[in-house]
Amino acid sequence: MKNNKQYFDLNSTIKNGVLFILLSVLITSCIGNKKYLYLQSKLTQDTSKIESIKSNFVEYRLKPGDILYIRMVTEDEKMNVVFNPLFGGNMNMQMMSQGGSGTPFYLMGYSLDTEGNLALPYIGKMNLKGKTVEEAKTLMYNEGAKYFKNFFLQVKLAEFRFSILGAVNRPGQFFFMVNHLNIFEALAMAGDVNEIAMRTKLTLIREENGENKLIPIDLTDKNIIKSDYYFIQPNDILYVQPVKSRSIGNLSNFQSSINAVLPLLSTFLLVLNTYIILNNLK
């Protein structure tokens, strides 16, 4: 009877232990889920209300090495060919149709040199470092007005590229042709972050004034929308950090956690139960 009592007491202890383990996994999974939610509020609020957050767009300023798309149309057809090599033939137009590869602009666009100077045919050299695209266009137009009475001028940032590395589904370098791209749109181009990504600890590497700044980013904080770093700039590098210790199978929710724990737990209980039975038979 004593052995049976010990057996039942041990069985009860095991059941309580199993319940404790399952409860711990559940609690851990629920807490961890908060780390997966984007744009959370740090304060309690009425979620039924629509909230408006104004983003702070910082106008990009040109740096050495930037490539500009410049189109100038004058009354002189020969001058048009000189100023617009991208429209000089069928081969160039075919290259343009390739989209975001950036290759035609690299070969035939207008690049700023190491000091931020841009040289245009007949017009000459001008320094555009630190200027916005609109400011650069105004400067070019004023210079062009000295040589041409009537002309049309179009200036755009030709190659807008950025890189995303780390815990994302499709890391790599990306090109796009829009004026504004926020950090969530950039991550979407990389297939979003994966299951082991730390959404609270991203690092944005951005070159400013000849220095590389490492800027911490928290995707779970909705205040990122008001940040100066909400919008991606050319040549930005976004590094998504993985979790410090990767869980078994890169688990991301309670169901997968249970699926991983139960086989190990069942094996343990089987061995323990066999040991108890053999011990009672002695």
# chains A, B, ... in the order shown; residues from 1 in each chain; ligands from 1
$ residues_around --residues "Leu68 in chain A" --least-positions-apart "4" --cutoff "6 Å" --atoms "only C-alpha atoms" --output "VMD selection string"
chain A and resid 109 to 110 156 to 158
$ residues_around --residues "Asn182 in chain A" --least-positions-apart "5" --cutoff "10 Å" --atoms "only C-alpha atoms" --output "short mmCIF file (atom, residue, chain, number, x, y, z; two decimals) with N, CA and C atoms, in the first residue's frame"
data_model
loop_
_atom_site.label_atom_id
_atom_site.label_comp_id
_atom_site.auth_asym_id
_atom_site.auth_seq_id
_atom_site.Cartn_x
_atom_site.Cartn_y
_atom_site.Cartn_z
N SER A 55 3.45 62.38 -40.46
CA SER A 55 4.83 61.95 -40.66
C SER A 55 5.72 63.16 -40.93
N PHE A 57 8.54 64.19 -43.11
CA PHE A 57 9.36 63.88 -44.28
C PHE A 57 10.54 64.84 -44.35
N LEU A 187 10.54 47.32 -46.19
CA LEU A 187 10.54 45.96 -45.67
C LEU A 187 9.62 45.06 -46.49
N ILE A 225 6.52 56.82 -36.96
CA ILE A 225 5.93 57.57 -38.07
C ILE A 225 6.33 59.04 -38.00
N TYR A 229 13.52 59.35 -39.42
CA TYR A 229 14.06 58.19 -40.14
C TYR A 229 12.94 57.24 -40.60
N TYR A 230 11.74 57.76 -40.67
CA TYR A 230 10.61 56.94 -41.13
C TYR A 230 10.71 56.68 -42.63
N PHE A 231 11.25 57.64 -43.37
CA PHE A 231 11.38 57.50 -44.81
C PHE A 231 12.80 57.07 -45.18
N ILE A 232 12.89 56.11 -46.09
CA ILE A 232 14.17 55.62 -46.56
C ILE A 232 14.80 56.63 -47.51
N GLN A 233 16.11 56.76 -47.44
CA GLN A 233 16.85 57.64 -48.34
C GLN A 233 17.81 56.81 -49.19
#
$ atom_distance --atom1 "CA of Ala167 in chain A" --atom2 "CA of Asn235 in chain A"
19.3 Å
